[in-house]
Every structure is written in structure tokens, then in C-alpha cells.
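Enquirer: One structure coming up, written as C-alpha cells, with questions to follow.
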Amino acid sequence: MRHHEGGLPDRLVRAGVTVREAEVLWAVAERLRNREIAERLHVSVRTVESHIAALLRKLDAPDRAALAETGARLRRSARAGSALPAPLTSLVGRAEETSELLALLGSHRLVTLIGPGGVGKTRLALHVAESAGAESAGATALADRFPGGVRMADLAPVEPESVGDTFARALGVVPEPGWPLRDIMREVAAVSGCLLLADNCEHVVAEAAEIVADLLGAGGALRVLATSREPLGIPGEVAYQVPALPLPAPDASERAESIANYDAVRLFVDRAAAASPGFALTDAVAPAVAALCRRLDGLPLAIELAASRLRTFGPVELVEHLDRRFELLSAGARTAPPRHRALRSTIDWSYRLLDDGERALFERLGVFPADFDLAAIESACGGEDLGGEAVITLLPRLVDKSLVSTAGRGTGRYRLLETIRAYAAHRLAGSGREPDARGRHAAHYLAFAEQAAERLRTSEQRVWLDRMTTEQPNLHAALAHAVSTGDVESAWRLIAALQRFWDVTGRRRDAHTWVRQALAVADPPATPAVVAGLTEACLILDSRDARAAFDLARKAASLAAGLDGLTRARAARAVGTSATWIRPELVAPALREALAGFGDEHPWDSALTMQSLAITTADLDRALQWGRDSAAFFRRAGDQICAANTLYIMAQRSMAAGVADDEVQEWLGESHALAEAAGSEADMAHAAVGFAQLAWLRGDHDRAAELMTECLPTLRRLGDRRCTGRALHMLGQRAYEKQEPARAEELLRASVEAIALAGQSFVLVSAIEALAAVYAAQRRPRSAAVLLGTAHSVREAAGAHMRPRRPPDQELRHALVRILGAGPFDSAHTRGERLSPAAALRLVPLDEPPLLTTP
């Protein structure tokens, strides 16, 4: 979906929707009432009513519900776009290269643009990708080949260990610890039908090559357009050497008319006119311009940097500076390619032309791994020699000199081209100011993270989720600084602040990595900030390792013993939530202790504790009351994601007890609507799972299986083990009902594998028992007996609220005893009791010949 200035999607622009009407539309999509919209936008209720009437007419919506659905869909489409950065300058030349690359993409699955830094690989790749994914009426047949659109994986700020995660996010795959990320990426790539732009591969070329080969090996219509300083080295790759811009020959005429059509000269003239309005290519300056372009080897970045100097020097003076300040063709390592030497020399020359203040600011900008805003510059780059006013004065001068770029029209963000950023970081390291600059950078993003964590609890959560997504490279840099310098308290404060963002956006792999690193730094001290970090880490670890989460919660409780009441309450809640699978008897006392500690002074924490009580309270009526109280608070606070999750929990508890009434359907409907308004794909998927379970309970097994089949790919992509296990369990049961034992075995084994990783639950018990029935039907009674033993252990270890409502299948048990005999059955059953679900799956089916008679 294309957007126009002001951020409006094409459909709204075509319909004549104004910016203010769009603001009202987004609020309607969030299910806000007219008075709430009026308060948010500081207008009257009557004005809101007028805007809504206009929107209903312009968007041809029959009612408010349809209007809300339209708004939510447009917001999702906006967020799911290709996210290609919008170039702020025109692309000069490259028409021939663009045509050649579009043709290559039509016949090859991997095309890699190679060439030295500064030759314009990224700029050309973006132009080609935009052309390939064009949505205009004149779109080519090539655009039709990419129904999945254009997706971009920018590897410039990425370390080798994070390459997989970056590709995953580009494809919409949510990395999940312990799951085969590469397998899921292959599944998504096989059906995505997109053009994937993998930019700046050179510093992670081995890792990028391995993943790209995997994705292409999955088949499908996926095409990859990569940029790198060297080929990826994958069979079938077309390595396209991006040439420098065409130059006037040394012996050619240097009259303005003769050189004006060379692309290098056209680029210089275009950027020179922007830097110094009124500049024109005349016969007087043409020889100097031709010499500059030749001496800069036709490299676009070098030419642009030189052209920006026309504010200070004329073309003739620029040539004199080149002769005096550096030797373009011999500076740097003798073995380095000339174009590499030319680029570094050009940046070095630009640096030397800066005054002391400009140099100081430029160097300190090297602390940013990605783009940044003015507030971050003022915090990270300040110092005794650079106060806030100095930064505001110096930054525009660096922008004017093309050393700093704006990161998009109207965004208020800035960036350094990767090559320039690396140069600035190198200069900073040699200046002696690096420790102070990195410390300031980390402090700024710690404060930002803690502010964002608070705003995620409000109706502004969607805006702040976007902001945190944008700042991920900087937040990770702050965490890395805290870990590398042994600043344990700051590390845990950052983990506490980022936990919910990681959870909501599916960045659990990132979270696990940082928790492990923080734990490895030093023993956590007994401070409120550290305890808060440990308690949030419990939530991160719980989805992967319940024992580790519980141990961490007990450590938090031990550290909190001598601290304030709020800190002790947080630790108690961590114990209560993490004890579910380890020590069920501790859950209720710990959660009630936490609730008493939070009291009325910390309502959001109380509501979150009530949500846990809604999950763990055995009595259904009491559990649902906890849920109602929790959801009511989250609604009032504007926390749509927590409200959606609580409603889904209430529906799950009811359905687990066999309740499938209209109220359950209403909870699921509201949960889905809130999740949609908040843009939480995971919570929308949960609601879809709930609708499938409801259909099953109501006896419509075909409809239930259809719904689960539809949402299963999304669940796998999001890394949601528990709900994936639920879906596979239901599909396995349906296959068994349809007398397809081989298919049922495959699905139920996959269900047990998924849920066993996510933690024990009533679905795990049911899936193991269902798989035992399948083996019995396949005449493998010993395998069935082993699984019944494992299911028995899991059932007994789970809390009362986590056990299946239905008792074990005694008829199946008696049939197996009749076939095997009491002794052999007891032996196999006891063996299964000692096995974890994963170990039981590795053991069965046992090496037993199928019996001639069925149980």
C-alpha cells in the first residue's frame, strides 16, 4: 500500500479523506467511543460525529462496525508494507542497469549487486525493487510475479548471530527460542511470492549466503536481490557488477555541452545545484568538473560529497584541494582496489574540512548503529565541548555537507551511510571520547526504554510499539554496553523495560539471549531495579524453560526480602506465575501475596496479577471473576493487548470446563476486535484458535478443523508453541475420527512435541492420551501403554486447573490389559511414567510387530 505525504494510504487519498478524518478513523478502529475520540483529539463530540458521517459516506461503509474494520485493515496494511526507505534525492542515470537487473530478476532467482563501497549498490537496488514491486496502473508483468510485495532485510547494523532473525523479520517470521527457525522460514519462503532485498551483506556474507540458499531451496516464487561487496557464492547466483558512473574521457572535449550528458557529471551538477542554488555547468567550470569526476573515479558517494563542498569552494578550488589534501589513486593500502581507496580518501578529505565542533559531533555520531533522532543526538553527543545548543547548530551543517542524512521525509530522524558511520566510529575510537559517548548513548536509551514501558500500558501502546521497533538497534547497543562494561543494574533495568515489547512483538529469541548475557556478567545485587528485571525475565524464560524461570523467581524473591513492598510484590507474582508447572501448590499463595502488596496504588500490576489468577484458580466461577476484574481495568487504561489476552483466557477456562455458550463467543469476538485495533497479530491468532475450539465443543468438528487449518501457518510463523499444539491436537483428533490413523499419528506426535516445549498443560495430557489411542488402533499395545504412563505422570504433576476435564480413558486401559496381560501392561505403564513427553516420543512406537487383533 502506497502512502502520500502526511502518511495517508492511497485509498484514503483517493476517497478525499482529510488528515483529521483519518485520525478519527484510526480512533474508531480502536473501538473508542465518540466522547473518547473527542477527548483524544481535543475537539467536540459534534465534530467527531460530523467526521464519522463523512467517513461513512466517503468510504462507502454501511455502519460504524464496517468503518472500524476498514480502518483496522488499512492500519495493518500500512504496517505490513515493504518498508523500503523513500529516497530523498533523484536517481541520476542507471537506466541501463535498471533494465538489465529487471530482466535478470525475471529469469533468475538470485541477483547480487556487487561493487566497492560508495558505488551506489543500495540506491540502485532500492530503485530496482521499487520498480519491480510497482503498484501503478502501468505495472509490468514482473510486478505480477511478486504477489507478496517487496520485503527488505537491512543487514548493515546486524551482527553475524542476528542475521537469521533479520531475515525472519523481513519475511514476517517471529523467531522463537528452541524452534527450528530455518525450517519455518523455508515454509514461509515457499509460499510468500515476494521479492526479498538483502542489503549490505558483505560483513556477514557467510551467514547471509547460507540463509539465502536455504530460502531459495524451499522452492516457490521467491526472488532475492542482494547487495554486497563480494558475491554470496550460491549456485545459480547472478553477480552483477555495479559500474561507476560513465565519465568523460581524458582526451575528450571539456566544453559544457560535450560533458553534460555523462552520468557522473549529471550527478555532480544535480547535487551541486542543491548545495549551492544557482550553480550551472558552464564552459568556464566544465574542465574542473570533468577532472573532479575523473579523480573521484565516478563513485556516486564521492561525487555527492564533493558537490556538497560548493558552499565553500568553487570547482577549480575543489580540484586544488584534491591535489593537495590526498592522492586519490594511491592513498590507503597499496593492495586495496582503487575505488576503495578513493572512497576512504573522499571521506577523510570531507572530515579534514570540518571545524573542531563539527568534527567532535561527527565522531560521536559513530556510536549510533542505525538511525536516530535529535533528542538522542543531544543526549549521546553532548559533553563539556558540545552542549545542546551547539548540537542544534552543528547538526544542520553536517547535513549540508552530506555527512549526515535525514532518514525519511518528515520523520525527524537522521542517519549516517554505513561507510561513513564506520569511518566516524573509527575516528571516535581514536579520539579518547568513545567511553563517554557510549555511556551517554546507553543512558539515553535506558531512559527511553523505561518511558516506553510505561506508555505500553496505555492507549498509546501502538504508537510506542512502533517507536520501540524503530529503536531496536540502539536499544540493543545500550544493552550490549551495559553487559560489556559490567553495569549489572542497567542491564536488568533494560531487560525489565523491554520484556513486554519483546513478548508482544515475538522477539523472544532476543530476550533469551540478553537474559543469558546479563546473568553471566555477575551475581545480581539486591536492588529494586534488579529484582524488577529478574521478575520480567521469568516471563521471558517461562515459555521455554519453566524450571529456569522458577529458579529465577526464587532468586528474585530472596533478593527482595529486605526491600520495599512493591519490589516484594513483584517477586511474589513472579513466583506465582512460574510455579505453575513446577510447584503448583505455591501458585495461589504467591499470587494473593502479590495482589495484597500491589493494593490500590499499583492498579496495572494488580490487574496483571488478577489475570494470572484467572489462569490458575481452580474454581471456574472465581477464575472468571478475576478475569472480569482484570479485563475491566485494562479496558479503562486503554491497554487493548492485555484486555484482549484476558478475554481469551476467560474463554479458554470456560471451554476447558465444557462451557460453549454465547458469552464465550462474545469474549472471543471482543478479544479479536481489541487485538486487531492494537495491531497484535498474535492475539488475533489466539482468538481464531478460540473460535475453532468453540466450534469443536458445539459439535461442528469439520468447521473447527477448517478454522484450525487456516490459522496453523500463522501460529507456526509466530512461534506460538502452545496454540500450535492445540491446533495440531484438534486436527489429529479429526483425522482419527475419519479413520486416518497414519495422519492422526503424525499430527498428534507434532502436537505433543510443540506443547512439551511450551510447558505442561491439559492439552499435552489430552494429546498424549489421544496418541496412545492411535497406537492401540494400529495394534501396538505396548507403545500405547507407555504413553498412558507418561500421560498419567503429566496429569498428576499439573495443577488442578491444568488437568483435562475428562478422566483417563478407562476403556482403553482395560482393553490394553486384556491384550498384554496385567504384568506386561504395568511394566510398560511404569516405564512411561518415568519418561518425559519428549523422551516418550523418542521411544515409541516400540519395536513391536502389530497384533493381528485390535484392542
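Identifiers in the C-alpha cells: chain A, B, ... in order shown; residue index from 1 per chain; ligand index from 1 in order shown.
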Hey, what's within 12 Å of region 557-565 of chain A if we count only C-alpha atoms and toss same-chain stuff fewer than 3 positions away? As a PyMOL selection string, please?

Expert: chain A and resi 523-535+538+550-554+568-576+590+593-599+601-602

Enquirer: How about saving the chosen residues, N, CA and C atoms kept, as a tab-separated table (two decimals), in the first residue's frame?

Expert:
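New file result09.tsv:
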chain	number	residue	atom	x	y	z
A	523	ASP	N	26.71	-11.82	39.76
A	523	ASP	CA	25.53	-12.10	40.58
A	523	ASP	C	24.70	-10.83	40.72
A	524	PRO	N	23.39	-10.93	40.50
A	524	PRO	CA	22.54	-9.73	40.59
A	524	PRO	C	22.52	-9.18	42.02
A	525	PRO	N	22.74	-7.87	42.19
A	525	PRO	CA	22.66	-7.28	43.53
A	525	PRO	C	21.21	-7.11	43.98
A	526	ALA	N	21.02	-6.93	45.27
A	526	ALA	CA	19.67	-6.80	45.83
A	526	ALA	C	19.21	-5.35	45.74
A	527	THR	N	18.71	-4.95	44.57
A	527	THR	CA	18.14	-3.62	44.38
A	527	THR	C	16.78	-3.77	43.71
A	528	PRO	N	15.89	-2.80	43.88
A	528	PRO	CA	14.57	-2.89	43.24
A	528	PRO	C	14.66	-3.03	41.73
A	529	ALA	N	15.59	-2.32	41.09
A	529	ALA	CA	15.70	-2.39	39.63
A	529	ALA	C	16.11	-3.79	39.18
A	530	VAL	N	17.03	-4.40	39.88
A	530	VAL	CA	17.48	-5.73	39.51
A	530	VAL	C	16.37	-6.75	39.72
A	531	VAL	N	15.67	-6.64	40.83
A	531	VAL	CA	14.55	-7.56	41.09
A	531	VAL	C	13.49	-7.41	40.00
A	532	ALA	N	13.20	-6.18	39.60
A	532	ALA	CA	12.22	-5.97	38.53
A	532	ALA	C	12.68	-6.66	37.25
A	533	GLY	N	13.97	-6.55	36.94
A	533	GLY	CA	14.49	-7.22	35.75
A	533	GLY	C	14.39	-8.72	35.84
A	534	LEU	N	14.70	-9.27	37.01
A	534	LEU	CA	14.62	-10.72	37.19
A	534	LEU	C	13.18	-11.21	37.06
A	535	THR	N	12.24	-10.45	37.62
A	535	THR	CA	10.84	-10.90	37.55
A	535	THR	C	10.33	-10.87	36.11
A	538	CYS	N	11.63	-13.82	34.21
A	538	CYS	CA	10.87	-15.06	34.46
A	538	CYS	C	9.81	-15.25	33.40
A	550	PHE	N	11.35	-20.55	37.23
A	550	PHE	CA	11.02	-20.69	38.65
A	550	PHE	C	12.24	-20.41	39.53
A	551	ASP	N	13.39	-20.93	39.13
A	551	ASP	CA	14.62	-20.67	39.89
A	551	ASP	C	14.95	-19.19	39.92
A	552	LEU	N	14.73	-18.51	38.80
A	552	LEU	CA	15.00	-17.07	38.75
A	552	LEU	C	14.01	-16.31	39.63
A	553	ALA	N	12.76	-16.76	39.65
A	553	ALA	CA	11.76	-16.11	40.51
A	553	ALA	C	12.13	-16.26	41.98
A	554	ARG	N	12.60	-17.43	42.37
A	554	ARG	CA	13.01	-17.62	43.77
A	554	ARG	C	14.22	-16.76	44.10
A	568	ARG	N	8.79	-6.54	46.68
A	568	ARG	CA	8.43	-7.88	47.18
A	568	ARG	C	7.19	-8.41	46.46
A	569	ALA	N	6.24	-7.52	46.17
A	569	ALA	CA	5.03	-7.96	45.46
A	569	ALA	C	5.36	-8.44	44.06
A	570	ARG	N	6.26	-7.75	43.37
A	570	ARG	CA	6.66	-8.19	42.03
A	570	ARG	C	7.33	-9.56	42.08
A	571	ALA	N	8.18	-9.75	43.06
A	571	ALA	CA	8.85	-11.05	43.19
A	571	ALA	C	7.84	-12.15	43.49
A	572	ALA	N	6.85	-11.85	44.35
A	572	ALA	CA	5.83	-12.86	44.67
A	572	ALA	C	5.03	-13.22	43.43
A	573	ARG	N	4.70	-12.23	42.60
A	573	ARG	CA	3.97	-12.55	41.37
A	573	ARG	C	4.82	-13.43	40.45
A	574	ALA	N	6.11	-13.16	40.39
A	574	ALA	CA	6.97	-14.00	39.56
A	574	ALA	C	6.99	-15.44	40.05
A	575	VAL	N	7.02	-15.61	41.36
A	575	VAL	CA	6.98	-16.97	41.92
A	575	VAL	C	5.65	-17.63	41.56
A	576	GLY	N	4.55	-16.88	41.70
A	576	GLY	CA	3.24	-17.45	41.42
A	576	GLY	C	3.06	-17.88	39.98
A	590	ALA	N	1.26	-17.30	46.47
A	590	ALA	CA	2.18	-16.27	45.97
A	590	ALA	C	1.42	-15.16	45.25
A	593	GLU	N	-0.43	-13.02	47.74
A	593	GLU	CA	0.53	-12.14	48.42
A	593	GLU	C	0.87	-10.95	47.53
A	594	ALA	N	1.08	-11.22	46.24
A	594	ALA	CA	1.39	-10.14	45.30
A	594	ALA	C	0.24	-9.15	45.21
A	595	LEU	N	-0.98	-9.67	45.10
A	595	LEU	CA	-2.14	-8.80	44.97
A	595	LEU	C	-2.29	-7.89	46.18
A	596	ALA	N	-2.06	-8.44	47.37
A	596	ALA	CA	-2.14	-7.63	48.59
A	596	ALA	C	-1.04	-6.57	48.59
A	597	GLY	N	0.15	-6.93	48.09
A	597	GLY	CA	1.26	-5.98	48.08
A	597	GLY	C	1.04	-4.83	47.10
A	598	PHE	N	0.40	-5.11	45.97
A	598	PHE	CA	0.17	-4.04	44.99
A	598	PHE	C	-0.94	-3.11	45.47
A	599	GLY	N	-2.00	-3.67	46.01
A	599	GLY	CA	-3.09	-2.86	46.53
A	599	GLY	C	-3.67	-1.92	45.49
A	601	GLU	N	-2.62	1.14	44.96
A	601	GLU	CA	-1.64	2.12	44.49
A	601	GLU	C	-1.01	1.72	43.16
A	602	HIS	N	-1.10	0.45	42.80
A	602	HIS	CA	-0.48	-0.02	41.56
A	602	HIS	C	-1.51	-0.86	40.79

Enquirer: As a PyMOL selection string, please: all residues of region 526-600 of chain A that backbone DSSP puts in helix (DSSP H, G or I).

Expert: chain A and resi 528-542+546-560+565-578+584-598

Enquirer: For each of A:Leu197, A:Leu694, A:Ala772, A:Met185, take the minimum atom-to-atom distance to Gly219 (chain A), counting only C-alpha atoms, then give the residue where this is smallest.

Expert: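 Ranking A:Leu197, A:Leu694, A:Ala772, A:Met185 by distance to Gly219 (chain A), first place goes to A:Met185.
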
Enquirer: Just give me the gap between CA of Val664 (chain A) and CA of Pro807 (chain A) in Å, one decimal is fine.

Expert: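 These two atoms are separated by 23.6 Å.
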
Enquirer: For Val173 (chain A), find every residue with an atom within 7 Å (counting only C-alpha atoms), except residues of its own chain fewer than 5 positions away, and show them as a VMD selection string.

Expert: chain A and resid 168 185 717 to 718

Enquirer: Convert the current residue selection to file output with all heavy atoms, as a tab-separated table (two decimals), in the first residue's frame.

Expert:
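Listed below is the output, result-v7.tsv:
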chain	number	residue	atom	x	y	z
A	168	ALA	N	14.28	-13.35	9.15
A	168	ALA	CA	12.98	-13.82	9.62
A	168	ALA	C	11.99	-12.66	9.70
A	168	ALA	O	10.85	-12.76	9.26
A	168	ALA	CB	13.12	-14.49	10.99
A	185	MET	N	11.20	-20.58	8.26
A	185	MET	CA	11.49	-19.60	7.21
A	185	MET	C	11.37	-20.23	5.83
A	185	MET	O	10.88	-19.60	4.88
A	185	MET	CB	12.90	-19.02	7.42
A	185	MET	CG	13.01	-18.06	8.59
A	185	MET	SD	14.71	-17.62	8.98
A	185	MET	CE	15.24	-16.85	7.47
A	717	ARG	N	4.41	-19.57	12.17
A	717	ARG	CA	5.28	-18.44	11.83
A	717	ARG	C	5.56	-17.56	13.04
A	717	ARG	O	6.67	-17.04	13.21
A	717	ARG	CB	4.64	-17.61	10.71
A	717	ARG	CG	5.42	-16.38	10.30
A	717	ARG	CD	4.86	-15.74	9.05
A	717	ARG	NE	3.48	-15.35	9.20
A	717	ARG	CZ	3.09	-14.24	9.83
A	717	ARG	NH1	3.97	-13.44	10.40
A	717	ARG	NH2	1.81	-13.93	9.89
A	718	LEU	N	4.55	-17.40	13.91
A	718	LEU	CA	4.71	-16.58	15.10
A	718	LEU	C	5.46	-17.30	16.21
A	718	LEU	O	5.80	-16.70	17.23
A	718	LEU	CB	3.34	-16.14	15.63
A	718	LEU	CG	2.54	-15.19	14.73
A	718	LEU	CD1	1.16	-14.96	15.30
A	718	LEU	CD2	3.28	-13.88	14.56
